[in-house]
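Engineer: So here's input_14.cif, just mmCIF, C-alpha atoms:
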```
data_upload
#
loop_
_atom_site.label_atom_id
_atom_site.label_comp_id
_atom_site.auth_asym_id
_atom_site.auth_seq_id
_atom_site.Cartn_x
_atom_site.Cartn_y
_atom_site.Cartn_z
CA MET A 1 5.94 -12.51 5.21
CA CYS A 2 5.40 -15.34 7.61
CA ASP A 3 5.22 -15.51 11.37
CA SER A 4 6.98 -18.75 12.08
CA CYS A 5 10.46 -18.78 10.55
CA GLY A 6 11.64 -15.37 11.71
CA CYS A 7 11.96 -13.94 8.18
CA ASN A 8 10.20 -10.85 9.52
CA LEU A 9 13.30 -10.08 11.51
CA THR A 10 15.39 -7.42 9.82
CA GLN A 11 18.64 -5.80 10.78
CA SER A 12 16.71 -2.88 12.16
CA ASN A 13 14.36 -4.79 14.44
CA ARG A 14 16.36 -7.85 15.42
CA HIS A 15 17.89 -6.17 18.47
CA LEU A 16 14.41 -5.58 19.92
CA VAL A 17 13.75 -9.24 20.49
CA ALA A 18 17.30 -10.41 21.23
CA ALA A 19 17.88 -11.94 24.66
CA ASP A 20 18.84 -8.62 26.26
CA GLY A 21 16.65 -6.49 23.97
CA HIS A 22 14.07 -3.93 24.93
CA LEU A 23 11.20 -6.33 24.22
CA ALA A 24 12.64 -9.46 25.77
CA HIS A 25 11.99 -8.87 29.46
CA THR A 26 9.02 -10.27 31.32
CA SER A 27 7.87 -9.62 34.84
CA SER A 28 6.60 -12.26 37.22
CA GLY A 29 2.97 -13.34 36.99
CA THR A 30 2.79 -12.54 33.31
CA GLU A 31 3.50 -14.37 30.12
CA SER A 32 5.29 -12.75 27.23
CA VAL A 33 4.55 -14.12 23.79
CA GLU A 34 6.78 -13.36 20.85
CA VAL A 35 4.68 -12.99 17.72
CA LEU A 36 6.43 -11.37 14.74
CA LYS A 37 3.39 -11.06 12.58
CA GLY A 38 2.78 -8.40 9.93
CA LEU A 39 -0.31 -6.35 10.70
CA LEU A 40 -1.27 -6.29 7.04
CA ASP A 41 -0.99 -10.06 6.62
CA ALA A 42 -4.77 -10.52 6.37
CA ASN A 43 -4.96 -7.91 3.63
CA ASP A 44 -1.89 -9.27 1.85
CA LEU A 45 -3.33 -12.78 1.88
CA GLN A 46 -6.57 -11.54 0.34
CA ALA A 47 -4.55 -9.56 -2.23
CA LYS A 48 -2.68 -12.74 -3.18
CA HIS A 49 -6.01 -14.50 -3.63
CA ASN A 50 -7.27 -11.62 -5.82
CA ARG A 51 -4.12 -11.84 -7.94
CA GLU A 52 -4.68 -15.56 -8.43
CA HIS A 53 -8.20 -14.77 -9.68
CA PHE A 54 -6.85 -12.18 -12.12
CA ASP A 55 -4.10 -14.49 -13.37
CA GLN A 56 -6.50 -17.37 -13.82
CA HIS A 57 -8.65 -15.18 -16.06
CA GLN A 58 -5.63 -13.53 -17.72
CA VAL A 59 -6.66 -10.03 -16.71
CA PHE A 60 -3.94 -7.39 -16.36
CA VAL A 61 -4.77 -5.19 -13.37
CA VAL A 62 -3.58 -1.62 -12.88
CA ASN A 63 -4.08 0.31 -9.63
CA LEU A 64 -4.29 4.08 -10.19
CA MET A 65 -3.37 6.22 -7.20
CA SER A 66 -3.10 9.99 -6.76
CA SER A 67 -4.40 12.98 -4.85
CA PRO A 68 -8.06 13.86 -5.41
CA GLY A 69 -8.41 15.82 -8.64
CA ALA A 70 -5.15 14.71 -10.27
CA GLY A 71 -7.14 13.44 -13.26
CA LYS A 72 -7.57 9.69 -12.74
CA THR A 73 -11.10 9.57 -14.17
CA SER A 74 -10.26 11.90 -17.06
CA LEU A 75 -7.26 9.72 -17.87
CA LEU A 76 -9.50 6.64 -17.86
CA GLU A 77 -12.03 8.32 -20.15
CA ALA A 78 -9.31 9.26 -22.66
CA THR A 79 -7.78 5.76 -22.36
CA ILE A 80 -11.13 4.08 -22.99
CA ASP A 81 -11.72 6.29 -26.05
CA ALA A 82 -8.32 5.34 -27.43
CA LEU A 83 -8.49 1.60 -26.75
CA ALA A 84 -12.19 0.80 -27.27
CA GLY A 85 -12.55 -1.88 -29.93
CA ASP A 86 -8.94 -2.91 -29.35
CA LEU A 87 -9.08 -4.11 -25.71
CA ASN A 88 -11.83 -5.21 -23.34
CA MET A 89 -11.71 -3.04 -20.26
CA ALA A 90 -13.49 -2.59 -16.92
CA VAL A 91 -13.05 -0.24 -14.01
CA ILE A 92 -13.42 -0.52 -10.24
CA GLU A 93 -14.01 2.94 -8.78
CA GLY A 94 -13.19 3.83 -5.18
CA ASP A 95 -14.67 7.00 -3.72
CA LEU A 96 -15.93 8.11 -0.35
CA GLU A 97 -19.34 8.91 -1.77
CA THR A 98 -21.33 9.07 -5.05
CA GLU A 99 -21.50 6.95 -8.19
CA ASN A 100 -20.37 9.93 -10.29
CA ASP A 101 -17.09 8.46 -11.50
CA ALA A 102 -18.62 5.06 -12.29
CA MET A 103 -21.35 6.83 -14.29
CA ARG A 104 -18.73 8.71 -16.29
CA ILE A 105 -17.09 5.37 -17.18
CA ARG A 106 -20.41 3.63 -17.94
CA ASP A 107 -21.27 6.50 -20.31
CA LYS A 108 -18.36 5.22 -22.39
CA GLY A 109 -19.99 1.77 -22.57
CA ILE A 110 -17.54 0.18 -20.13
CA ALA A 111 -18.47 -1.87 -17.02
CA ALA A 112 -17.72 0.03 -13.82
CA ILE A 113 -18.22 -1.11 -10.24
CA GLN A 114 -18.39 1.69 -7.70
CA ILE A 115 -17.11 1.02 -4.18
CA CYS A 116 -18.31 3.74 -1.81
CA THR A 117 -15.90 3.63 1.10
CA GLY A 118 -17.98 5.90 3.35
CA SER A 119 -15.30 7.84 5.14
CA ALA A 120 -12.55 5.30 4.48
CA CYS A 121 -9.40 6.70 2.99
CA HIS A 122 -8.35 3.74 0.85
CA LEU A 123 -9.45 0.56 -0.91
CA ASP A 124 -8.35 -2.73 0.61
CA ALA A 125 -8.06 -6.19 -0.86
CA HIS A 126 -11.36 -7.38 0.66
CA MET A 127 -13.34 -4.55 -0.94
CA VAL A 128 -11.76 -5.31 -4.31
CA HIS A 129 -12.56 -9.00 -3.90
CA THR A 130 -16.25 -8.24 -3.39
CA ALA A 131 -16.24 -6.02 -6.48
CA LEU A 132 -14.35 -8.41 -8.74
CA HIS A 133 -17.07 -11.02 -8.43
CA GLU A 134 -19.46 -8.56 -10.06
CA LEU A 135 -17.28 -8.47 -13.18
CA ALA A 136 -17.10 -10.91 -16.09
CA LEU A 137 -13.33 -11.39 -15.71
CA ASP A 138 -13.14 -13.92 -18.55
CA GLU A 139 -14.09 -11.25 -21.06
CA LEU A 140 -11.51 -8.71 -19.90
CA ASP A 141 -7.99 -7.85 -21.04
CA ILE A 142 -7.43 -5.12 -18.50
CA LEU A 143 -9.03 -3.97 -15.25
CA PHE A 144 -8.29 -0.51 -13.89
CA ILE A 145 -8.76 0.08 -10.18
CA GLU A 146 -9.21 3.79 -9.50
CA ASN A 147 -8.21 4.07 -5.85
CA VAL A 148 -9.57 6.67 -3.44
CA GLY A 149 -7.93 10.05 -4.11
CA ASN A 150 -5.29 10.18 -1.37
CA LEU A 151 -1.48 10.28 -1.49
CA VAL A 152 -1.03 8.50 1.84
CA CYS A 153 -3.15 5.51 2.81
CA PRO A 154 -3.72 3.57 -0.45
CA ALA A 155 0.02 2.87 -0.72
CA SER A 156 -0.07 0.55 2.30
CA PHE A 157 -2.72 -1.81 0.92
CA ASP A 158 -1.95 -4.38 -1.77
CA LEU A 159 -5.11 -5.05 -3.79
CA GLY A 160 -3.79 -7.86 -5.98
CA GLN A 161 -2.90 -5.54 -8.87
CA HIS A 162 -0.03 -6.22 -11.25
CA ARG A 163 1.13 -2.59 -11.54
CA ASN A 164 0.80 0.59 -9.50
CA VAL A 165 0.50 3.81 -11.45
CA THR A 166 0.88 7.01 -9.45
CA LEU A 167 -0.43 10.19 -11.05
CA LEU A 168 1.10 13.55 -10.25
CA SER A 169 -0.77 16.48 -11.81
CA SER A 170 1.40 19.46 -12.65
CA PRO A 171 -0.49 21.96 -10.40
CA GLU A 172 0.42 19.83 -7.36
CA GLY A 173 4.13 20.69 -7.65
CA ASP A 174 7.12 18.63 -8.71
CA ASP A 175 8.34 17.83 -5.18
CA LYS A 176 5.43 15.53 -4.26
CA PRO A 177 7.61 12.38 -4.41
CA ALA A 178 9.85 13.88 -1.70
CA LYS A 179 6.83 14.75 0.45
CA TYR A 180 4.98 11.42 0.07
CA PRO A 181 7.75 8.81 -0.18
CA VAL A 182 5.58 5.80 0.73
CA MET A 183 3.20 6.45 -2.16
CA PHE A 184 5.82 7.25 -4.79
CA ARG A 185 8.11 4.41 -3.75
CA ALA A 186 5.24 2.04 -4.61
CA ALA A 187 4.87 3.39 -8.18
CA ASP A 188 5.71 1.17 -11.16
CA LEU A 189 5.01 4.15 -13.41
CA LEU A 190 4.91 7.86 -12.58
CA LEU A 191 2.42 9.66 -14.79
CA ILE A 192 2.67 13.43 -14.84
CA THR A 193 -0.83 14.54 -15.81
CA LYS A 194 -2.24 17.90 -17.00
CA SER A 195 0.99 18.47 -18.92
CA ASP A 196 -0.85 21.16 -20.91
CA LEU A 197 -0.71 23.31 -17.76
CA ILE A 198 3.08 23.07 -17.28
CA GLU A 199 3.67 26.02 -19.60
CA VAL A 200 1.12 28.15 -17.78
CA LEU A 201 2.41 27.23 -14.32
CA GLY A 202 6.04 27.91 -15.18
CA ASP A 203 7.49 26.27 -12.07
CA PHE A 204 6.80 22.56 -12.63
CA ASP A 205 9.83 20.67 -13.88
CA PRO A 206 9.11 17.04 -14.93
CA GLU A 207 12.82 16.24 -14.65
CA ARG A 208 12.89 17.44 -11.07
CA ALA A 209 9.88 15.22 -10.29
CA GLY A 210 11.81 12.33 -11.85
CA SER A 211 14.92 13.05 -9.79
CA TYR A 212 12.88 13.05 -6.56
CA LEU A 213 11.54 9.65 -7.63
CA ARG A 214 15.09 8.33 -8.13
CA ARG A 215 15.97 9.50 -4.61
CA LEU A 216 13.41 6.92 -3.45
CA ALA A 217 15.50 4.29 -5.24
CA ASN A 218 12.62 3.87 -7.66
CA PRO A 219 13.61 3.04 -11.27
CA ALA A 220 10.02 3.46 -12.57
CA PRO A 221 9.59 5.24 -15.92
CA VAL A 222 8.20 8.79 -15.89
CA LEU A 223 5.72 9.83 -18.58
CA ALA A 224 4.00 13.19 -19.02
CA LEU A 225 0.63 13.50 -20.72
CA SER A 226 -2.49 15.57 -21.09
CA ALA A 227 -5.78 13.70 -21.24
CA ARG A 228 -7.37 16.95 -22.45
CA ASN A 229 -5.27 17.61 -25.58
CA GLY A 230 -3.93 14.08 -26.08
CA ALA A 231 -0.22 14.97 -25.82
CA GLY A 232 1.83 12.06 -24.50
CA MET A 233 -1.07 9.59 -24.61
CA HIS A 234 0.74 7.28 -27.04
CA ALA A 235 3.52 6.39 -24.61
CA TRP A 236 0.94 5.62 -21.90
CA LEU A 237 -1.09 3.42 -24.27
CA ASP A 238 2.09 1.61 -25.33
CA TRP A 239 2.94 1.02 -21.66
CA ILE A 240 -0.51 -0.57 -21.18
CA ARG A 241 -0.23 -2.79 -24.29
CA GLU A 242 3.27 -3.89 -23.31
CA GLY A 243 2.09 -4.72 -19.78
CA ILE A 244 -0.79 -6.84 -21.10
CA GLU A 245 1.51 -8.64 -23.52
CA LEU A 246 4.09 -9.45 -20.85
CA HIS A 247 1.42 -10.57 -18.42
CA THR A 248 -0.38 -12.80 -20.93
CA HIS A 249 2.91 -14.24 -22.11
CA SER A 250 4.18 -15.12 -18.62
CA HIS A 251 0.82 -16.56 -17.65
CA SER A 252 0.21 -18.69 -20.75
CA HIS A 253 3.70 -20.17 -20.29
CA GLY A 254 2.71 -21.32 -16.82
CA VAL A 255 -0.47 -22.95 -18.11
CA GLY A 256 1.09 -24.57 -21.19
CA ASP A 257 3.92 -26.28 -19.33
CA MET B 1 -21.03 -1.37 -0.64
CA LYS B 2 -20.21 0.81 2.38
CA TYR B 3 -17.21 0.76 4.65
CA TRP B 4 -16.45 2.98 7.64
CA GLN B 5 -12.83 3.70 8.51
CA PRO B 6 -11.83 7.34 8.99
CA MET B 7 -8.11 6.61 8.57
CA HIS B 8 -6.10 3.58 7.69
CA GLU B 9 -4.50 3.52 11.16
CA LEU B 10 -7.93 2.43 12.44
CA ALA B 11 -8.05 -0.48 9.99
CA ILE B 12 -4.55 -1.45 11.11
CA CYS B 13 -5.46 -1.14 14.81
CA GLN B 14 -8.43 -3.42 14.22
CA ALA B 15 -6.17 -6.00 12.55
CA LEU B 16 -3.78 -5.69 15.51
CA ILE B 17 -6.57 -6.19 18.05
CA ASP B 18 -7.95 -9.21 16.17
CA GLU B 19 -4.50 -10.75 16.24
CA VAL B 20 -3.95 -10.07 19.94
CA ALA B 21 -7.44 -11.35 20.81
CA ALA B 22 -6.70 -14.63 19.01
CA LEU B 23 -3.45 -15.00 20.96
CA ALA B 24 -5.25 -14.27 24.23
CA ARG B 25 -7.86 -16.95 23.51
CA THR B 26 -5.20 -19.54 22.68
CA ALA B 27 -3.25 -18.78 25.87
CA HIS B 28 -6.41 -18.50 28.04
CA ALA B 29 -5.19 -15.08 29.13
CA SER B 30 -7.29 -13.09 31.56
CA SER B 31 -5.99 -9.77 30.27
CA ILE B 32 -3.39 -8.18 28.04
CA THR B 33 -1.03 -5.71 29.67
CA ASP B 34 1.37 -4.72 26.90
CA VAL B 35 1.44 -4.86 23.12
CA TYR B 36 4.72 -4.19 21.29
CA VAL B 37 4.62 -3.15 17.64
CA SER B 38 7.51 -2.07 15.46
CA VAL B 39 6.74 0.53 12.80
CA GLY B 40 9.03 1.54 9.96
CA PRO B 41 8.69 5.07 8.56
CA LEU B 42 8.03 3.58 5.10
CA SER B 43 5.16 1.39 6.30
CA GLY B 44 2.88 4.37 5.78
CA VAL B 45 1.65 4.30 9.37
CA GLU B 46 1.76 7.39 11.56
CA CYS B 47 2.73 6.47 15.13
CA SER B 48 0.84 9.31 16.81
CA LEU B 49 -2.36 8.30 14.99
CA MET B 50 -1.83 4.67 16.02
CA ARG B 51 -1.41 5.77 19.64
CA ASN B 52 -4.61 7.82 19.58
CA THR B 53 -6.61 5.19 17.72
CA PHE B 54 -5.62 2.15 19.76
CA PRO B 55 -7.70 2.97 22.90
CA VAL B 56 -10.73 3.80 20.75
CA ALA B 57 -10.52 0.65 18.64
CA GLY B 58 -9.70 -1.43 21.72
CA ALA B 59 -12.53 -0.22 23.96
CA GLY B 60 -14.52 -3.17 25.27
CA THR B 61 -12.02 -5.71 23.93
CA VAL B 62 -9.29 -7.80 25.54
CA VAL B 63 -6.79 -4.96 24.99
CA SER B 64 -8.87 -2.28 26.72
CA GLU B 65 -6.38 -2.11 29.61
CA ALA B 66 -3.26 -2.71 27.54
CA THR B 67 -0.45 -0.28 26.83
CA LEU B 68 0.63 0.01 23.21
CA HIS B 69 4.41 0.33 22.78
CA LEU B 70 5.43 1.56 19.35
CA GLN B 71 9.05 1.13 18.37
CA GLN B 72 10.07 3.15 15.34
CA THR B 73 12.68 1.35 13.29
CA PRO B 74 15.27 3.17 11.16
CA VAL B 75 15.29 3.20 7.36
CA ARG B 76 18.32 1.23 6.18
CA ILE B 77 19.46 0.58 2.62
CA ARG B 78 22.14 -1.46 0.85
CA CYS B 79 23.86 0.00 -2.20
CA GLU B 80 23.75 -2.17 -5.33
CA ASP B 81 27.13 -0.79 -6.44
CA CYS B 82 29.38 -0.44 -3.38
CA ALA B 83 27.35 -2.72 -1.05
CA ALA B 84 27.55 -0.18 1.79
CA GLU B 85 24.70 -0.35 4.30
CA THR B 86 23.59 3.03 5.55
CA GLU B 87 20.81 4.59 7.60
CA VAL B 88 18.93 7.22 5.61
CA ALA B 89 15.90 9.53 5.65
CA ALA B 90 12.62 8.08 4.40
CA ASN B 91 12.57 10.31 1.31
CA ARG B 92 16.24 9.99 0.42
CA LEU B 93 17.09 6.36 -0.22
CA ILE B 94 20.46 7.05 -1.83
CA CYS B 95 23.70 5.45 -0.75
CA GLY B 96 25.31 7.27 2.18
CA ARG B 97 28.76 6.31 0.93
CA CYS B 98 28.79 6.73 -2.87
CA GLY B 99 25.52 8.61 -3.59
CA ASN B 100 24.11 5.96 -5.95
CA TRP B 101 20.28 5.85 -6.13
CA ARG B 102 20.19 2.17 -7.08
CA THR B 103 19.78 0.76 -3.60
CA HIS B 104 17.43 -1.63 -1.90
CA LEU B 105 15.66 -1.36 1.36
CA ILE B 106 16.77 -3.68 4.15
CA GLY B 107 14.68 -2.17 6.94
CA GLY B 108 12.16 0.57 7.58
CA ASP B 109 8.96 -0.60 5.91
CA GLU B 110 7.93 -3.13 8.53
CA LEU B 111 4.70 -3.10 10.50
CA LEU B 112 5.04 -5.96 12.93
CA LEU B 113 3.34 -7.20 16.03
CA GLN B 114 6.45 -8.15 17.96
CA ARG B 115 5.37 -9.23 21.40
CA VAL B 116 2.33 -9.46 23.65
CA VAL B 117 2.49 -9.54 27.45
CA MET B 118 -0.55 -11.15 29.06
CA GLN B 119 -1.83 -12.21 32.45
CA THR B 120 -2.52 -15.90 32.35
CA HIS B 121 -3.85 -15.98 35.93
CA ARG B 122 -5.36 -13.36 38.17
CA PRO B 123 -2.79 -11.74 40.49
CA ARG B 124 -3.28 -12.47 44.21
CA ARG B 125 -4.59 -9.70 46.36
CA GLU B 126 -2.06 -8.44 48.91
#
```
Can I see the file as structure tokens?
Structural biologist:
Amino acid sequence: MCDSCGCNLTQSNRHLVAADGHLAHTSSGTESVEVLKGLLDANDLQAKHNREHFDQHQVFVVNLMSSPGAGKTSLLEATIDALAGDLNMAVIEGDLETENDAMRIRDKGIAAIQICTGSACHLDAHMVHTALHELALDELDILFIENVGNLVCPASFDLGQHRNVTLLSSPEGDDKPAKYPVMFRAADLLLITKSDLIEVLGDFDPERAGSYLRRLANPAPVLALSARNGAGMHAWLDWIREGIELHTHSHSHGVGD
Amino acid sequence: MKYWQPMHELAICQALIDEVAALARTAHASSITDVYVSVGPLSGVECSLMRNTFPVAGAGTVVSEATLHLQQTPVRIRCEDCAAETEVAANRLICGRCGNWRTHLIGGDELLLQRVVMQTHRPRRE
């Protein structure tokens, strides 16, 4: 978005600043300044800068978002086990407190940078920028950013990632996309986790979760897996490999030309 | 690394205040009276939280006396099949005419500082 050409004006807000609009009047003795600037522009600019860093080093970056306890760290552990020796990986961990998740990743022999957000509910592009300079980006094929567990705030902040993956664990219920549209609209992949519990729960329908996602006009694929018993992991790993391949291909074209 | 923001509306209020403060400096304003922001339901920002957070984040700044006006914009989509433009609920972005889910958003995710009203000279005493 930019603040000079008026491209921020949409059909739904244009009337506000039109000559007779609600926001157009001024009273005497005051000056009214029209601005039209996105409030997340500073973050979005930093995110763009982060993405340039990642592209320069040919690192494919995946932002994992979900509620707390949906299984982001367990998914990463299973993913690292499956891809170690095949791909070079690193993880940026966002949590309010503790290095616990980063330690779980480091136990697997993978570099992990922990960002403790204090009481902050989300990662932003500036925090990720600080963390990325602690990583040897040149050596990496893929960087996972494990966002703060929260189905609301992280969706509003671009970090410079190439793909958003939103996890929905089966115990949370299949109507989460209808309840948290901002988060699920941002997903490039919906991962239904803890699929081994679907049978026990009896009332979680992956197809229903998928249909709620379509109601958000989101064409993202839906995959179900269990990090615990390994079911469905292959499709997830293929999605990762395909993403890296596409990213490397599009980037090396740009450099070679 | 430590960061302190209890909710993302605070981070957004701080960005808003930084922006308004920069405008006030440029215009040599003595105070800001009104700040107009438009918020789409799909921006992920809760208007009531913005309203409560603004005075806290703005205390001791150029906006400490300002009124925050939040204008909620509707969610509007255009159908990729029948090209109809309809106003819809934030969690149901399907075409209001033909029911197709392949639509794209044309309004409702914005988070925009629209207008700032400032005093550029001190009002005369009556």
Engineer: Is there a way to get, as a PyMOL selection string, all residues within 9 Å of the point (-16.6, 0.6, -21.2) in file coordinates, counting all atoms listed in the file?
Structural biologist: chain A and resi 80-81+84+88-91+105-112
Engineer: Contacts between chain A and chain B, please, where a residue of chain B counts if it comes within 9 Å (with only C-alpha atoms); show its shortest atom pair and distance in Å to one decimal, rows by chain and ascending number, as JSON lines.
Structural biologist:
```
{"residue": "B:Met1", "atom": "CA", "partner": "A:Ile115", "partner_atom": "CA", "distance": 5.8}
{"residue": "B:Lys2", "atom": "CA", "partner": "A:Thr117", "partner_atom": "CA", "distance": 5.3}
{"residue": "B:Tyr3", "atom": "CA", "partner": "A:Thr117", "partner_atom": "CA", "distance": 4.7}
{"residue": "B:Trp4", "atom": "CA", "partner": "A:Gly118", "partner_atom": "CA", "distance": 5.4}
{"residue": "B:Gln5", "atom": "CA", "partner": "A:Ala120", "partner_atom": "CA", "distance": 4.3}
{"residue": "B:Pro6", "atom": "CA", "partner": "A:Ala120", "partner_atom": "CA", "distance": 5.0}
{"residue": "B:Met7", "atom": "CA", "partner": "A:Cys121", "partner_atom": "CA", "distance": 5.7}
{"residue": "B:His8", "atom": "CA", "partner": "A:Cys153", "partner_atom": "CA", "distance": 6.0}
{"residue": "B:Glu9", "atom": "CA", "partner": "A:Cys153", "partner_atom": "CA", "distance": 8.7}
{"residue": "B:Ile12", "atom": "CA", "partner": "A:Leu39", "partner_atom": "CA", "distance": 6.5}
{"residue": "B:Cys13", "atom": "CA", "partner": "A:Leu39", "partner_atom": "CA", "distance": 8.4}
{"residue": "B:Ala15", "atom": "CA", "partner": "A:Leu39", "partner_atom": "CA", "distance": 6.2}
{"residue": "B:Leu16", "atom": "CA", "partner": "A:Leu39", "partner_atom": "CA", "distance": 6.0}
{"residue": "B:Glu19", "atom": "CA", "partner": "A:Leu39", "partner_atom": "CA", "distance": 8.2}
{"residue": "B:Leu23", "atom": "CA", "partner": "A:Val33", "partner_atom": "CA", "distance": 8.5}
{"residue": "B:Ala29", "atom": "CA", "partner": "A:Glu31", "partner_atom": "CA", "distance": 8.8}
{"residue": "B:Thr33", "atom": "CA", "partner": "A:Thr30", "partner_atom": "CA", "distance": 8.6}
{"residue": "B:Asp34", "atom": "CA", "partner": "A:Ser32", "partner_atom": "CA", "distance": 8.9}
{"residue": "B:Tyr36", "atom": "CA", "partner": "A:Leu23", "partner_atom": "CA", "distance": 7.4}
{"residue": "B:Val37", "atom": "CA", "partner": "A:Leu36", "partner_atom": "CA", "distance": 8.9}
{"residue": "B:Ser38", "atom": "CA", "partner": "A:Asn13", "partner_atom": "CA", "distance": 7.4}
{"residue": "B:Pro41", "atom": "CA", "partner": "A:Val182", "partner_atom": "CA", "distance": 8.5}
{"residue": "B:Leu42", "atom": "CA", "partner": "A:Val182", "partner_atom": "CA", "distance": 5.5}
{"residue": "B:Ser43", "atom": "CA", "partner": "A:Ser156", "partner_atom": "CA", "distance": 6.6}
{"residue": "B:Gly44", "atom": "CA", "partner": "A:Val182", "partner_atom": "CA", "distance": 5.9}
{"residue": "B:Val45", "atom": "CA", "partner": "A:Ser156", "partner_atom": "CA", "distance": 8.2}
{"residue": "B:Gln71", "atom": "CA", "partner": "A:Leu16", "partner_atom": "CA", "distance": 8.7}
{"residue": "B:Thr73", "atom": "CA", "partner": "A:Ser12", "partner_atom": "CA", "distance": 6.0}
{"residue": "B:Pro74", "atom": "CA", "partner": "A:Ser12", "partner_atom": "CA", "distance": 6.3}
{"residue": "B:Val75", "atom": "CA", "partner": "A:Ser12", "partner_atom": "CA", "distance": 7.9}
{"residue": "B:Arg76", "atom": "CA", "partner": "A:Ser12", "partner_atom": "CA", "distance": 7.4}
{"residue": "B:Ala90", "atom": "CA", "partner": "A:Pro181", "partner_atom": "CA", "distance": 6.7}
{"residue": "B:Asn91", "atom": "CA", "partner": "A:Pro181", "partner_atom": "CA", "distance": 5.3}
{"residue": "B:Arg92", "atom": "CA", "partner": "A:Arg215", "partner_atom": "CA", "distance": 5.1}
{"residue": "B:Leu93", "atom": "CA", "partner": "A:Leu216", "partner_atom": "CA", "distance": 4.9}
{"residue": "B:Ile94", "atom": "CA", "partner": "A:Arg215", "partner_atom": "CA", "distance": 5.8}
{"residue": "B:Asn100", "atom": "CA", "partner": "A:Ala217", "partner_atom": "CA", "distance": 8.8}
{"residue": "B:Trp101", "atom": "CA", "partner": "A:Ala217", "partner_atom": "CA", "distance": 5.1}
{"residue": "B:Arg102", "atom": "CA", "partner": "A:Ala217", "partner_atom": "CA", "distance": 5.5}
{"residue": "B:Thr103", "atom": "CA", "partner": "A:Ala217", "partner_atom": "CA", "distance": 5.8}
{"residue": "B:His104", "atom": "CA", "partner": "A:Ala217", "partner_atom": "CA", "distance": 7.1}
{"residue": "B:Leu105", "atom": "CA", "partner": "A:Ala217", "partner_atom": "CA", "distance": 8.7}
{"residue": "B:Ile106", "atom": "CA", "partner": "A:Thr10", "partner_atom": "CA", "distance": 6.9}
{"residue": "B:Gly107", "atom": "CA", "partner": "A:Ser12", "partner_atom": "CA", "distance": 5.6}
{"residue": "B:Gly108", "atom": "CA", "partner": "A:Ser12", "partner_atom": "CA", "distance": 7.3}
{"residue": "B:Asp109", "atom": "CA", "partner": "A:Val182", "partner_atom": "CA", "distance": 8.9}
{"residue": "B:Glu110", "atom": "CA", "partner": "A:Gly38", "partner_atom": "CA", "distance": 7.5}
{"residue": "B:Leu111", "atom": "CA", "partner": "A:Gly38", "partner_atom": "CA", "distance": 5.7}
{"residue": "B:Leu112", "atom": "CA", "partner": "A:Gly38", "partner_atom": "CA", "distance": 4.5}
{"residue": "B:Leu113", "atom": "CA", "partner": "A:Lys37", "partner_atom": "CA", "distance": 5.2}
{"residue": "B:Gln114", "atom": "CA", "partner": "A:Leu36", "partner_atom": "CA", "distance": 4.6}
{"residue": "B:Arg115", "atom": "CA", "partner": "A:Glu34", "partner_atom": "CA", "distance": 4.4}
{"residue": "B:Val116", "atom": "CA", "partner": "A:Val33", "partner_atom": "CA", "distance": 5.2}
{"residue": "B:Val117", "atom": "CA", "partner": "A:Ser32", "partner_atom": "CA", "distance": 4.3}
{"residue": "B:Met118", "atom": "CA", "partner": "A:Glu31", "partner_atom": "CA", "distance": 5.3}
{"residue": "B:Gln119", "atom": "CA", "partner": "A:Thr30", "partner_atom": "CA", "distance": 4.7}
{"residue": "B:Thr120", "atom": "CA", "partner": "A:Thr30", "partner_atom": "CA", "distance": 6.4}
{"residue": "B:His121", "atom": "CA", "partner": "A:Gly29", "partner_atom": "CA", "distance": 7.4}
{"residue": "B:Arg122", "atom": "CA", "partner": "A:Gly29", "partner_atom": "CA", "distance": 8.4}
{"residue": "B:Pro123", "atom": "CA", "partner": "A:Gly29", "partner_atom": "CA", "distance": 6.9}
```
Engineer: Any idea what the distance is between CA of Ser250 in chain A and CA of Ala220 in chain A?
Structural biologist: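 Atom-to-atom, CA of Ser250 in chain A to CA of Ala220 in chain A, that is 20.4 Å.
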Engineer: What does the distance between CA of Leu132 in chain A and CA of Ile192 in chain A come to in Å, to one decimal place?
Structural biologist: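 It comes out at 28.4 Å.
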Engineer: Please provide the set of residues having any atom within 6 Å of Gly94 in chain A, restricted to only C-alpha atoms, with same-chain residues fewer than 4 positions apart removed, written as number ranges by chain.
Structural biologist: A: 115, 146-148
Engineer: How many Å separate CA of Met65 in chain A from CA of Thr79 in chain A?
Structural biologist: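 For CA of Met65 in chain A relative to CA of Thr79 in chain A, the distance reads 15.8 Å.
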Engineer: Might you spell out which residues the PyMOL selection byres ((chain B and resi 52) around 12) would select in the displayed file, as a list in words?
Structural biologist: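 What the PyMOL selection byres ((chain B and resi 52) around 12) grabs from the file is Met7, Glu9, Leu10, Cys13, Glu46, Cys47, Ser48, Leu49, Met50, Arg51, Thr53, Phe54, Pro55, Val56, Ala57, Gly58, Thr67, Leu68 and Leu70 of chain B.
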Engineer: Since I can't run it myself right now, could you work out what the PyMOL selection byres ((chain A and resi 142) around 8) selects here and report it as a list of chain:residue names?
Structural biologist: A:Val59, A:Phe60, A:Val61, A:Val62, A:Leu87, A:Asn88, A:Met89, A:Ala90, A:Leu140, A:Asp141, A:Leu143, A:Phe144, A:Ile244
Engineer: From the options A:Asn100, A:Gly71, A:Gly85, A:Gln58, which residue's atoms come nearest to Ser195 in chain A, counting all atoms listed in the file?
Structural biologist: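 Looking only at the distances to Ser195 in chain A, the closest residue turns out to be A:Gly71.
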Engineer: So that I can see what lies close to Thr61 in chain B, please list as a PyMOL selection string the residues with an atom at most 9 Å from it, counting all atoms listed in the file and leaving out residues fewer than 4 positions away in the same chain.
Structural biologist: chain B and resi 17+21+57+65
Engineer: For the residues selected in the previous step, produce a file with C-alpha atoms as a tab-separated table (two decimals), in the frame of the given file.
Structural biologist:
```
chain	number	residue	atom	x	y	z
B	17	ILE	CA	-6.57	-6.19	18.05
B	21	ALA	CA	-7.44	-11.35	20.81
B	57	ALA	CA	-10.52	0.65	18.64
B	65	GLU	CA	-6.38	-2.11	29.61
```
